[in-house]
Amino acid sequence: MLRIRHVVILQRRWKSRHWSTQQRKKTNTDRALDNFDDFYGSVFGNRWKSMRAALLTEHKYVALVNNFGDTDRTCNGMEMNGALNIKSLVDLARNRIGHYDKQPSTITPHKTVDNTLDELKRKQEELEKYSLYPAGTSDAPTSIPKELYYRKAENVGLNDSAEIEYNLTNFKSSLEETIGKGAQIDHSRLIDPQFSTGGLHEFIPASRIKGKEDWIPESDHYKYYQTKADFPLQFDLVTEFAYPENLSLYAYEIGNCSEFETPKKCLTGVLSHYLMDGASVLPPLLLDIKQGERVLDACAAPGGKSLLMLQTLHPDILICNDIQESRVNRIRKVMEEYIFDYKENWNNKRVALNQCDARNIDGFNSYDKILVDVPCTTDRHSLTENDNNIFKSTRIKERLRIPELQADILANCLHLLKPGGSLVYSTCALSPVQNDGVVHMALQKVFNEHNITATVNDLSYLIKLFEDIFKFEYSKNMKYGQLVLPFLPANYGPMYFSKLTRNM
């Protein structure tokens, strides 16, 4: 069903002093929608309208059956209500597809996406220039500079103020030229030296605009998207996938909007099943965890993907990490609700909780598999919830620097992998900048700083096994990963995922 959006009405007072007109206050969700209409409308074209409608509508869930509860009873109840076992759907798709002829992958970035993002960046830069130099005002310069120069101060961190510096070369040279032609200084207008440290004729160029210390240009967001690689890059088509035997996932078929029942307490004291956005099951599934492997969930809260990996019964130990204590507590709560005797026999033996910034996790070369589900613009949440919304006006700097944060997390996780180990990078955003752009940036970073290279796992065959459940973006539109699109009959996602294997 369509979600009702809350509207706040403010009265607007006109010169007549009557409160006769009302003006709608722009909310955080409004800002997000305006941004997405401009950005995603250009990237996806006419398809954005249907994706937009899906994002504004309640999304569908998948049910993860708890192996530590009344498993058979829960599965039977779901099947009686018409839910389908995802494992059965995957097996049917595998039989339908048949043998796949494995050929070397020759994936290239889609030119349309590259050109679109370049055009968006140019458009945004033009808007910023004209906002700084408005036409038709007395302060407007005779010519608008071709470029604006934004330079970060040295040793600036993600949360520090950014210094804004403009190119003053032309202005200073014209001043020197004017003085050189014999311009006279009116000495009668000089301030007495005892009252001043210098004369009014002394020129001291400004290096920043007062009040703009924390401002960064919107166009900076697009600079993170690159496709030209100057580092070793290898692709490998993946055709083997083993669905975990102990894993029970249920979904309703495309077009069926039925809802799952609320989880219930089992005889063992744990909850019967866990509900999560359907597309969220793909990153941990395609990570393909084997028996006895050491696994890290780098950004684990609220804990659904961690729980899914544990339900496979494959990890020797799973380290669930997140940056804030409150987020780690959310993971702990999920484990206590779904894992029988978690406190006595599981905690710190099969599951370890860790609080750390994922950019700073140590233990290099020590993990077989890593799930890197990074913080992002969380597109669906941004369009439906005003609380904790990344499009809040005071969080613009944080939002524009999200790709930089994501790339730092991914680069560190590549360093944490054992040679031959694999990770899956994922976001719940449609943005090519946060998706392929971040993967490219991280691969460049680890090669330059640590001489680490990785092979990109081409998952274009494996996603065919899930096409009876999800709607995917065309593979030709991406270079490094796959994307689940919001689609009303199968309203999951968005979810981007890319699998990388560290080379020996």
# chains A, B, ... in the order shown; residues from 1 in each chain; ligands from 1
>>> select_by_dssp(residues="range 238-455 of chain A", states="alpha helix (DSSP H)", output="mmCIF file with C-alpha atoms, in the first residue's frame")
data_model
loop_
_atom_site.group_PDB
_atom_site.id
_atom_site.type_symbol
_atom_site.label_atom_id
_atom_site.label_comp_id
_atom_site.auth_asym_id
_atom_site.auth_seq_id
_atom_site.Cartn_x
_atom_site.Cartn_y
_atom_site.Cartn_z
ATOM 1 C CA LEU A 282 21.731 -11.798 -1.558
ATOM 2 C CA PRO A 283 25.045 -10.342 -0.248
ATOM 3 C CA PRO A 284 25.491 -12.955 2.543
ATOM 4 C CA LEU A 285 24.225 -15.761 0.268
ATOM 5 C CA LEU A 286 26.617 -14.898 -2.567
ATOM 6 C CA GLY A 304 19.936 -9.579 10.047
ATOM 7 C CA LYS A 305 22.709 -10.470 7.587
ATOM 8 C CA SER A 306 24.871 -11.762 10.458
ATOM 9 C CA LEU A 307 22.007 -13.963 11.625
ATOM 10 C CA LEU A 308 21.573 -15.360 8.107
ATOM 11 C CA MET A 309 25.257 -16.306 7.925
ATOM 12 C CA LEU A 310 25.004 -18.033 11.304
ATOM 13 C CA GLN A 311 21.898 -19.936 10.208
ATOM 14 C CA GLU A 325 27.779 0.983 21.176
ATOM 15 C CA SER A 326 24.055 1.408 20.506
ATOM 16 C CA ARG A 327 24.413 -0.392 17.179
ATOM 17 C CA VAL A 328 26.424 -3.230 18.740
ATOM 18 C CA ASN A 329 23.678 -3.576 21.359
ATOM 19 C CA ARG A 330 21.122 -3.994 18.556
ATOM 20 C CA ILE A 331 23.168 -6.903 17.184
ATOM 21 C CA ARG A 332 23.410 -8.434 20.662
ATOM 22 C CA LYS A 333 19.637 -8.185 21.071
ATOM 23 C CA VAL A 334 19.056 -10.045 17.779
ATOM 24 C CA MET A 335 21.456 -12.812 18.811
ATOM 25 C CA GLU A 336 19.777 -13.216 22.205
ATOM 26 C CA GLU A 337 16.324 -13.387 20.588
ATOM 27 C CA TYR A 338 17.207 -15.919 17.874
ATOM 28 C CA ASP A 379 17.372 5.410 -0.481
ATOM 29 C CA ARG A 380 14.111 3.837 0.662
ATOM 30 C CA HIS A 381 14.477 5.117 4.234
ATOM 31 C CA SER A 382 15.412 8.593 2.965
ATOM 32 C CA LEU A 383 12.155 8.810 1.008
ATOM 33 C CA THR A 384 9.836 7.581 3.755
ATOM 34 C CA ILE A 396 24.876 17.795 3.752
ATOM 35 C CA LYS A 397 28.647 17.577 4.317
ATOM 36 C CA GLU A 398 28.263 14.099 5.796
ATOM 37 C CA ARG A 399 26.127 12.986 2.834
ATOM 38 C CA LEU A 400 28.472 14.286 0.149
ATOM 39 C CA ILE A 402 29.699 9.150 2.024
ATOM 40 C CA PRO A 403 31.572 7.689 -1.014
ATOM 41 C CA GLU A 404 34.896 8.625 0.573
ATOM 42 C CA LEU A 405 33.914 6.858 3.803
ATOM 43 C CA GLN A 406 32.682 3.804 1.889
ATOM 44 C CA ALA A 407 35.893 3.523 -0.130
ATOM 45 C CA ASP A 408 38.048 3.730 3.017
ATOM 46 C CA ILE A 409 36.025 0.932 4.661
ATOM 47 C CA LEU A 410 36.205 -1.288 1.576
ATOM 48 C CA ALA A 411 39.941 -0.691 1.114
ATOM 49 C CA ASN A 412 40.650 -1.653 4.729
ATOM 50 C CA CYS A 413 38.537 -4.810 4.408
ATOM 51 C CA LEU A 414 40.463 -5.861 1.295
ATOM 52 C CA HIS A 415 43.588 -5.560 3.445
ATOM 53 C CA LEU A 416 41.973 -7.726 6.143
ATOM 54 C CA VAL A 438 33.399 3.256 -4.654
ATOM 55 C CA VAL A 439 34.593 -0.205 -5.750
ATOM 56 C CA HIS A 440 36.839 1.428 -8.362
ATOM 57 C CA MET A 441 38.191 3.936 -5.836
ATOM 58 C CA ALA A 442 38.945 1.240 -3.247
ATOM 59 C CA LEU A 443 40.738 -1.003 -5.759
ATOM 60 C CA GLN A 444 42.858 1.971 -6.794
ATOM 61 C CA LYS A 445 43.604 2.831 -3.146
ATOM 62 C CA VAL A 446 44.772 -0.635 -2.032
ATOM 63 C CA PHE A 447 46.943 -1.009 -5.127
ATOM 64 C CA ASN A 448 48.651 2.363 -4.627
ATOM 65 C CA GLU A 449 49.111 2.013 -0.860
ATOM 66 C CA HIS A 450 49.649 -1.724 -0.298
#
>>> residues_around(residues="range 321-324 of chain A", least_positions_apart="3", cutoff="9 Å", atoms="only C-alpha atoms", output="PDB file with C-alpha atoms, in the first residue's frame")
ATOM      1  CA  LEU A 296      33.787 -10.735   9.486  1.00  0.00           C
ATOM      2  CA  ASP A 297      30.639  -8.650   9.163  1.00  0.00           C
ATOM      3  CA  ALA A 298      32.278  -5.207   9.077  1.00  0.00           C
ATOM      4  CA  CYS A 299      29.129  -3.052   9.458  1.00  0.00           C
ATOM      5  CA  ALA A 300      26.770  -5.565  11.025  1.00  0.00           C
ATOM      6  CA  ALA A 301      23.907  -3.619  12.678  1.00  0.00           C
ATOM      7  CA  ARG A 327      24.413  -0.392  17.179  1.00  0.00           C
ATOM      8  CA  VAL A 328      26.424  -3.230  18.740  1.00  0.00           C
ATOM      9  CA  ASN A 329      23.678  -3.576  21.359  1.00  0.00           C
ATOM     10  CA  ILE A 331      23.168  -6.903  17.184  1.00  0.00           C
ATOM     11  CA  ALA A 352      32.089 -12.248  18.758  1.00  0.00           C
ATOM     12  CA  LEU A 353      30.804  -8.669  18.975  1.00  0.00           C
ATOM     13  CA  ASN A 354      33.241  -5.857  18.288  1.00  0.00           C
ATOM     14  CA  GLN A 355      32.922  -2.060  18.450  1.00  0.00           C
ATOM     15  CA  CYS A 356      35.266  -0.273  16.063  1.00  0.00           C
ATOM     16  CA  ASP A 357      35.299   2.077  13.095  1.00  0.00           C
ATOM     17  CA  ALA A 358      35.465  -0.307  10.125  1.00  0.00           C
ATOM     18  CA  ILE A 361      39.821  -2.695  12.141  1.00  0.00           C
TER      19      ILE A 361
END
>>> closest_residue(among="A:Leu247, A:Ala229, A:Ala32, A:Leu92", to="Leu313 in chain A", atoms="only C-alpha atoms")
A:Leu247
>>> atom_distance(atom1="CA of Glu253 in chain A", atom2="CA of Leu56 in chain A")
20.5 Å
>>> closest_residue(among="A:Gln234, A:Asn85, A:Asn256, A:Asn451", to="Phe466 in chain A", atoms="only C-alpha atoms")
A:Asn85
>>> residues_around(residues="Gly45 in chain A", least_positions_apart="6", cutoff="12 Å", atoms="only C-alpha atoms", output="number ranges by chain")
A: 36-39, 51-52, 112-113, 116
>>> residues_around(residues="Ala83 in chain A", least_positions_apart="4", cutoff="12 Å", atoms="only C-alpha atoms", output="ChimeraX atom specification")
/A:61-64,74-79,88-89,248-254,256-261,469
>>> residues_around(residues="Thr227 in chain A", least_positions_apart="5", cutoff="12 Å", atoms="only C-alpha atoms", output="list in words")
Ile107, Thr108, Pro109, His110, Lys111, Val113, Asp114, Asn115, Leu117, Asp118, Leu233, Pro432, Val433, Asn435, Asp436, Gly437, Val438, Val439, His440, Met441, Leu443, Gln444, Met478, Lys479 and Tyr480 of chain A
>>> residues_around(residues="Glu218 in chain A", least_positions_apart="2", cutoff="12 Å", atoms="only C-alpha atoms", output="ChimeraX atom specification")
/A:35,39,120-129,150,215-216,220-223,396-401
>>> closest_residue(among="A:Asn95, A:Asn246, A:Ser280, A:Thr501", to="Pro302 in chain A", atoms="only C-alpha atoms")
A:Ser280
